[in-house]
$ cat start11.cif   # mmCIF, C-alpha atoms
data_run
#
loop_
_atom_site.label_atom_id
_atom_site.label_comp_id
_atom_site.auth_asym_id
_atom_site.auth_seq_id
_atom_site.Cartn_x
_atom_site.Cartn_y
_atom_site.Cartn_z
CA MET C 1 123.82 105.36 92.15
CA THR C 2 127.05 103.59 91.24
CA PRO C 3 126.86 99.84 91.99
CA VAL C 4 129.21 98.60 94.73
CA TYR C 5 130.17 94.94 95.09
CA LEU C 6 132.11 92.89 97.59
CA PRO C 7 135.32 91.07 96.55
CA ASP C 8 133.33 87.86 95.98
CA GLY C 9 131.12 89.65 93.46
CA SER C 10 128.03 89.87 95.71
CA ILE C 11 126.16 93.11 96.35
CA ASP C 12 127.46 95.27 99.20
CA TRP C 13 124.01 95.84 100.66
CA GLU C 14 125.29 98.29 103.27
CA ARG C 15 126.19 100.66 100.45
CA THR C 16 122.90 100.31 98.56
CA LEU C 17 119.98 102.72 98.85
CA PHE C 18 118.35 100.29 101.31
CA HIS C 19 121.45 99.92 103.53
CA PHE C 20 120.40 96.28 104.10
CA GLU C 21 119.26 93.29 102.07
CA PRO C 22 115.45 93.64 101.86
CA THR C 23 113.12 90.70 102.28
CA LYS C 24 111.69 89.21 99.10
CA ALA C 25 108.61 87.71 100.76
CA GLY C 26 107.37 90.89 102.47
CA PRO C 27 106.36 92.77 99.32
CA TYR C 28 104.50 89.76 97.94
CA VAL C 29 102.47 89.44 101.17
CA MET C 30 101.56 93.12 101.06
CA ILE C 31 100.74 93.05 97.34
CA ILE C 32 98.27 90.20 97.95
CA LEU C 33 96.78 91.86 101.04
CA PHE C 34 96.20 95.26 99.46
CA ALA C 35 95.10 93.79 96.12
CA LEU C 36 92.40 91.79 97.92
CA ALA C 37 91.46 94.87 99.95
CA PHE C 38 91.30 96.94 96.75
CA THR C 39 88.94 94.40 95.17
CA GLY C 40 86.78 94.17 98.30
CA HIS C 41 86.47 97.94 98.60
CA VAL C 42 85.57 98.36 94.93
CA VAL C 43 82.84 95.72 95.21
CA LEU C 44 81.42 97.23 98.41
CA ALA C 45 81.59 100.81 97.09
CA LEU C 46 79.62 99.81 94.01
CA ARG C 47 77.14 97.72 95.95
CA LEU C 48 76.57 100.20 98.78
CA LYS C 49 77.12 103.36 96.73
CA THR C 50 79.66 104.80 99.15
CA THR C 51 81.60 107.36 97.15
CA TYR C 52 83.29 108.58 100.32
CA MET C 53 85.33 105.34 100.30
CA ILE C 54 86.96 106.13 96.93
CA PRO C 55 90.11 107.57 98.60
CA MET C 56 90.47 104.27 100.51
CA ILE C 57 90.36 102.42 97.19
CA ILE C 58 93.02 104.71 95.71
CA GLY C 59 95.19 104.17 98.79
CA CYS C 60 94.98 100.37 98.39
CA LEU C 61 96.00 100.67 94.74
CA LEU C 62 98.98 102.87 95.64
CA GLU C 63 100.09 100.32 98.24
CA VAL C 64 99.96 97.55 95.62
CA ILE C 65 102.00 99.56 93.12
CA GLY C 66 104.35 100.68 95.87
CA PHE C 67 105.19 97.15 96.98
CA VAL C 68 105.57 95.99 93.38
CA ALA C 69 108.11 98.82 93.01
CA ARG C 70 109.78 97.72 96.26
CA GLU C 71 110.17 94.17 94.93
CA LEU C 72 111.72 95.56 91.73
CA ALA C 73 113.94 97.91 93.73
CA ALA C 74 115.21 94.94 95.75
CA ASP C 75 116.24 93.32 92.45
CA HIS C 76 117.92 96.58 91.32
CA PRO C 77 119.22 98.07 94.63
CA PHE C 78 121.27 100.81 92.95
CA ASP C 79 118.36 102.18 90.89
CA ASN C 80 117.41 105.58 92.35
CA GLY C 81 114.13 105.78 90.44
CA LEU C 82 112.72 102.45 91.66
CA TYR C 83 113.83 103.09 95.24
CA ALA C 84 112.26 106.56 95.29
CA MET C 85 109.06 105.29 93.64
CA GLN C 86 108.45 102.58 96.25
CA GLN C 87 109.25 104.99 99.09
CA PHE C 88 106.92 107.67 97.74
CA LEU C 89 103.95 105.38 97.03
CA ILE C 90 104.12 103.50 100.34
CA ILE C 91 104.54 106.75 102.28
CA ILE C 92 101.77 108.63 100.45
CA ALA C 93 99.07 105.89 100.44
CA PRO C 94 97.94 106.54 104.06
CA VAL C 95 97.07 110.12 103.03
CA PHE C 96 94.20 108.62 101.04
CA PHE C 97 93.17 106.31 103.90
CA ALA C 98 93.01 109.39 106.12
CA ALA C 99 90.83 111.21 103.56
CA SER C 100 88.24 108.42 103.71
CA LEU C 101 88.28 108.54 107.52
CA TYR C 102 87.59 112.29 107.41
CA LEU C 103 84.67 111.73 105.03
CA ILE C 104 83.28 108.87 107.16
CA LEU C 105 83.16 111.17 110.20
CA LYS C 106 81.45 113.81 108.05
CA HIS C 107 78.91 111.16 107.01
CA ILE C 108 78.33 109.99 110.60
CA ILE C 109 77.68 113.55 111.75
CA HIS C 110 75.27 114.11 108.86
CA VAL C 111 73.43 110.88 109.70
CA VAL C 112 73.19 111.39 113.47
CA ASP C 113 72.81 115.12 114.15
CA ASP C 114 74.65 118.04 112.59
CA ALA C 115 73.82 120.25 115.56
CA LEU C 116 76.00 118.20 117.91
CA SER C 117 79.18 118.83 115.91
CA PRO C 118 81.57 121.67 116.81
CA LEU C 119 82.27 121.92 113.06
CA LYS C 120 79.72 121.83 110.25
CA PRO C 121 79.95 118.62 108.14
CA LYS C 122 80.79 120.58 104.98
CA LEU C 123 83.72 122.23 106.74
CA ILE C 124 85.06 118.86 107.92
CA GLY C 125 85.65 117.83 104.33
CA LEU C 126 87.12 121.19 103.36
CA VAL C 127 89.42 121.55 106.38
CA PHE C 128 90.76 118.05 106.91
CA VAL C 129 90.83 116.91 103.29
CA GLY C 130 92.48 120.26 102.55
CA PHE C 131 95.21 119.43 105.06
CA ASP C 132 95.49 115.99 103.45
CA VAL C 133 96.02 117.56 100.02
CA LEU C 134 98.64 119.92 101.47
CA SER C 135 100.42 116.98 103.11
CA PHE C 136 100.33 115.09 99.81
CA VAL C 137 101.79 118.02 97.86
CA VAL C 138 104.58 118.62 100.39
CA GLN C 139 105.53 114.94 100.58
CA GLY C 140 105.39 114.67 96.79
CA ALA C 141 107.66 117.68 96.38
CA ALA C 142 110.07 116.25 98.94
CA SER C 143 110.18 112.90 97.17
CA GLY C 144 110.83 114.64 93.84
CA LEU C 145 113.71 116.57 95.39
CA ILE C 146 115.21 113.40 96.84
CA VAL C 147 114.95 111.57 93.49
CA GLY C 148 116.55 114.46 91.59
CA ALA C 149 119.33 114.80 94.16
CA ASP C 150 121.00 111.49 93.16
CA THR C 151 124.17 111.60 95.33
CA ASN C 152 123.87 115.27 96.38
CA LEU C 153 123.70 114.85 100.17
CA ASP C 154 122.64 118.45 100.83
CA ALA C 155 119.68 118.13 98.47
CA ILE C 156 118.76 114.73 99.92
CA ASN C 157 118.85 116.10 103.48
CA LEU C 158 116.69 119.05 102.42
CA GLY C 159 114.22 116.64 100.81
CA VAL C 160 114.06 114.57 104.00
CA LYS C 161 113.38 117.69 106.08
CA ILE C 162 110.55 118.71 103.73
CA LEU C 163 109.19 115.14 103.91
CA ILE C 164 109.11 115.41 107.70
CA VAL C 165 107.16 118.67 107.40
CA GLY C 166 104.60 116.91 105.18
CA LEU C 167 104.23 114.10 107.73
CA LEU C 168 103.93 116.61 110.60
CA ILE C 169 101.10 118.35 108.74
CA GLN C 170 99.32 114.99 108.68
CA VAL C 171 100.02 114.43 112.39
CA VAL C 172 98.69 117.85 113.40
CA SER C 173 95.65 117.36 111.18
CA PHE C 174 94.96 114.03 112.83
CA ILE C 175 95.22 115.48 116.32
CA GLY C 176 92.51 117.98 115.34
CA PHE C 177 90.47 115.25 113.69
CA LEU C 178 90.62 112.92 116.71
CA THR C 179 89.71 115.80 119.02
CA LEU C 180 86.68 116.67 116.88
CA ALA C 181 85.60 113.02 116.67
CA PHE C 182 85.73 112.38 120.40
CA VAL C 183 84.06 115.69 121.25
CA TYR C 184 81.25 114.75 118.89
CA TYR C 185 80.95 111.27 120.37
CA ALA C 186 80.80 112.71 123.91
CA ARG C 187 78.02 115.09 122.90
CA ALA C 188 76.10 112.30 121.16
CA HIS C 189 76.53 110.10 124.23
CA ASN C 190 75.18 112.84 126.50
CA ASP C 191 72.27 113.22 124.10
CA GLY C 192 71.49 109.51 124.42
CA ARG C 193 72.40 108.68 120.81
CA THR C 194 75.19 106.10 121.26
CA GLY C 195 72.89 103.08 121.25
CA GLU C 196 72.23 103.50 117.55
CA PRO C 197 73.96 101.47 114.76
CA TRP C 198 76.29 104.32 113.82
CA ARG C 199 78.26 103.66 117.01
CA THR C 200 79.93 100.64 115.37
CA SER C 201 81.16 102.79 112.50
CA PHE C 202 82.45 105.37 114.95
CA VAL C 203 84.40 102.81 117.01
CA VAL C 204 86.02 101.40 113.85
CA LEU C 205 86.69 104.95 112.63
CA ALA C 206 88.37 105.89 115.92
CA ALA C 207 90.49 102.72 115.97
CA SER C 208 91.55 103.26 112.36
CA ALA C 209 92.37 106.92 113.00
CA VAL C 210 94.61 105.98 115.94
CA LEU C 211 96.44 103.43 113.77
CA VAL C 212 97.05 106.00 111.00
CA PHE C 213 98.20 108.49 113.65
CA VAL C 214 100.69 105.98 115.15
CA ARG C 215 101.96 105.17 111.65
CA SER C 216 102.54 108.87 110.91
CA LEU C 217 104.45 109.35 114.17
CA PHE C 218 106.59 106.33 113.32
CA ARG C 219 107.47 107.79 109.93
CA VAL C 220 108.32 111.18 111.45
CA VAL C 221 110.77 109.56 113.89
CA GLU C 222 112.20 107.35 111.11
CA PHE C 223 112.90 110.22 108.74
CA TRP C 224 114.14 112.41 111.57
CA GLN C 225 116.93 109.86 111.95
CA GLY C 226 117.49 109.78 108.17
CA PHE C 227 117.47 107.05 105.53
CA ASP C 228 120.53 105.51 107.16
CA GLY C 229 119.16 105.77 110.72
CA GLN C 230 118.62 102.83 113.06
CA ILE C 231 114.87 102.63 112.39
CA ALA C 232 115.25 102.79 108.61
CA LYS C 233 117.76 99.92 108.74
CA VAL C 234 115.32 97.58 110.54
CA GLU C 235 112.95 96.58 107.75
CA ALA C 236 110.59 94.70 110.07
CA LEU C 237 109.63 97.98 111.75
CA MET C 238 108.30 99.34 108.44
CA TYR C 239 106.21 96.21 107.92
CA VAL C 240 104.79 96.39 111.45
CA PHE C 241 104.28 100.13 112.01
CA ASP C 242 103.43 101.19 108.45
CA ALA C 243 102.26 98.45 106.07
CA GLY C 244 100.93 96.25 108.88
CA LEU C 245 98.91 99.00 110.56
CA MET C 246 97.53 100.18 107.23
CA GLY C 247 96.60 96.58 106.41
CA VAL C 248 94.54 96.46 109.60
CA VAL C 249 92.84 99.74 108.65
CA VAL C 250 91.74 98.56 105.20
CA VAL C 251 90.57 95.17 106.50
CA LEU C 252 88.59 96.75 109.35
CA SER C 253 86.86 99.05 106.90
CA ILE C 254 85.80 96.04 104.82
CA VAL C 255 84.57 93.86 107.70
CA PHE C 256 82.77 96.83 109.28
CA HIS C 257 82.09 98.83 106.14
CA PRO C 258 80.39 102.13 107.04
CA GLY C 259 77.89 101.68 104.22
CA ARG C 260 76.38 98.76 106.13
CA TYR C 261 75.68 100.93 109.17
CA LEU C 262 75.04 104.41 107.82
CA ASP C 263 73.16 103.95 104.54
CA GLY C 264 69.96 102.38 103.31
CA PRO C 265 69.75 99.60 100.70
CA ASN C 266 69.68 102.11 97.85
CA GLY C 267 72.33 104.43 99.28
CA GLU C 268 69.93 106.71 101.17
CA VAL C 269 71.76 108.70 103.83
CA GLY C 270 70.88 107.85 107.41
CA VAL C 271 68.69 104.83 106.74
CA PHE C 272 69.98 101.74 108.54
CA ASP C 273 69.29 98.36 106.99
CA PRO C 274 69.95 95.50 109.47
CA ARG C 275 70.32 93.07 106.55
CA LYS C 276 73.64 94.76 105.80
CA ARG C 277 75.11 94.15 109.25
CA PRO C 278 78.26 92.04 108.77
CA LEU C 279 78.72 88.75 110.55
CA ALA C 280 81.07 89.50 113.44
#

$ encode --input "start11.cif" --output "structure tokens"
Amino acid sequence: MTPVYLPDGSIDWERTLFHFEPTKAGPYVMIILFALAFTGHVVLALRLKTTYMIPMIIGCLLEVIGFVARELAADHPFDNGLYAMQQFLIIIAPVFFAASLYLILKHIIHVVDDALSPLKPKLIGLVFVGFDVLSFVVQGAASGLIVGADTNLDAINLGVKILIVGLLIQVVSFIGFLTLAFVYYARAHNDGRTGEPWRTSFVVLAASAVLVFVRSLFRVVEFWQGFDGQIAKVEALMYVFDAGLMGVVVVLSIVFHPGRYLDGPNGEVGVFDPRKRPLA
């Protein structure tokens, strides 16, 4: 993108890729938050042997890299590559958070009672993680199209439309996921199983899933308006309804790590060790 400056030599932020002057402090806060979350999740995954939390770890890493790219893009506001990189990484990271949530529900069902689930645990991973992969591919393709478009408005608009499709796939997938989760919980409740330790993991899972769902809806509305829409121009909304909500998700999953409620001291499935219960 060709740089545009005001008569006094300062950047004409309205005509940058951001369409506003981005905050310098915001990315640093998010880099620290997600870097700490990344470290915490790695330590807990190794200690509790919870391989199903690996996507969460990847998501934290993508958030860190994404906000580093955002800080660099703010310093070089006419650089298409940096702008597209930060957009892509920050947008795609929640796909990996969602994947861990799908696998946590699969684990809960396996621990409690497979027979109570409308869908077999193996299918939960295949179906919902499959939708996650599809969403990732579509959003990745859209981002690539937008980056390659440079100033071609038709190509950029097409890329945005494809990006919306990718986000809608995630939204539809999450509606199905939430429906399955609550149906399972209702059946377990009727079977007298909700007094067991797994209930804590389920409550945190449900809360996290709702937050990811709200974030996805926010992004759909934002991109529906376009990169120069009213929502996209209010940076605080991105920090509240995307980065902020995802920050809550990764912190919740550390404080109430499912490995403390669903696994035994040596990683055995379905063996609860009260010594692992977090202080809360």

$ resolve_selection --input "start11.cif" --expression "the PyMOL selection byres ((chain C and resi 26) around 10)" --output "ChimeraX atom specification"
/C:22-25,27-31,67,70-71,235-236,239,243

$ resolve_selection --input "start11.cif" --expression "the PyMOL selection byres ((chain C and resi 154-170) around 6)" --output "PDB file with C-alpha atoms, in the coordinates of the input"
ATOM      1  CA  SER C 135     100.420 116.980 103.110  1.00  0.00           C
ATOM      2  CA  VAL C 138     104.580 118.620 100.390  1.00  0.00           C
ATOM      3  CA  GLN C 139     105.530 114.940 100.580  1.00  0.00           C
ATOM      4  CA  ALA C 142     110.070 116.250  98.940  1.00  0.00           C
ATOM      5  CA  LEU C 145     113.710 116.570  95.390  1.00  0.00           C
ATOM      6  CA  ILE C 146     115.210 113.400  96.840  1.00  0.00           C
ATOM      7  CA  ALA C 149     119.330 114.800  94.160  1.00  0.00           C
ATOM      8  CA  ASN C 152     123.870 115.270  96.380  1.00  0.00           C
ATOM      9  CA  LEU C 153     123.700 114.850 100.170  1.00  0.00           C
ATOM     10  CA  VAL C 171     100.020 114.430 112.390  1.00  0.00           C
ATOM     11  CA  VAL C 172      98.690 117.850 113.400  1.00  0.00           C
ATOM     12  CA  SER C 173      95.650 117.360 111.180  1.00  0.00           C
ATOM     13  CA  VAL C 220     108.320 111.180 111.450  1.00  0.00           C
TER      14      VAL C 220
END

$ resolve_selection --input "start11.cif" --expression "the PyMOL selection byres ((chain C and resi 261) around 6)" --output "MDAnalysis selection string"
chainID C and resid 197:198 258:260 262 272

$ residues_around --input "start11.cif" --residues "stretch 111-118 of chain C" --least-positions-apart "2" --cutoff "9 Å" --atoms "all atoms listed in the file" --output "PyMOL selection string"
chain C and resi 106-109+120-121+180-181+183-185+187-188+191+193+196+198+262-263+269-271

$ closest_residue --input "start11.cif" --among "C:Ala98, C:Val68, C:Leu33, C:Val133" --to "C:Leu205" --atoms "all atoms listed in the file"
C:Ala98

$ closest_atom_pairs --input "start11.cif" --of "stretch 62-152 of chain C" --to "stretch 225-233 of chain C" --cutoff "12 Å" --atoms "all atoms listed in the file" --output "CSV"
residue,atom,partner,partner_atom,distance
C:Tyr83,CA,C:Phe227,CA,11.6
C:Ala84,CA,C:Phe227,CA,11.5
C:Gln87,CA,C:Phe227,CA,10.6
C:Ile146,CA,C:Phe227,CA,11.0

$ atom_distance --input "start11.cif" --atom1 "atom CA of C:Leu211" --atom2 "atom CA of C:Met246"
7.4 Å

$ closest_residue --input "start11.cif" --among "C:Ile54, C:Leu126, C:Val214, C:Val255" --to "C:Phe97" --atoms "only C-alpha atoms"
C:Ile54
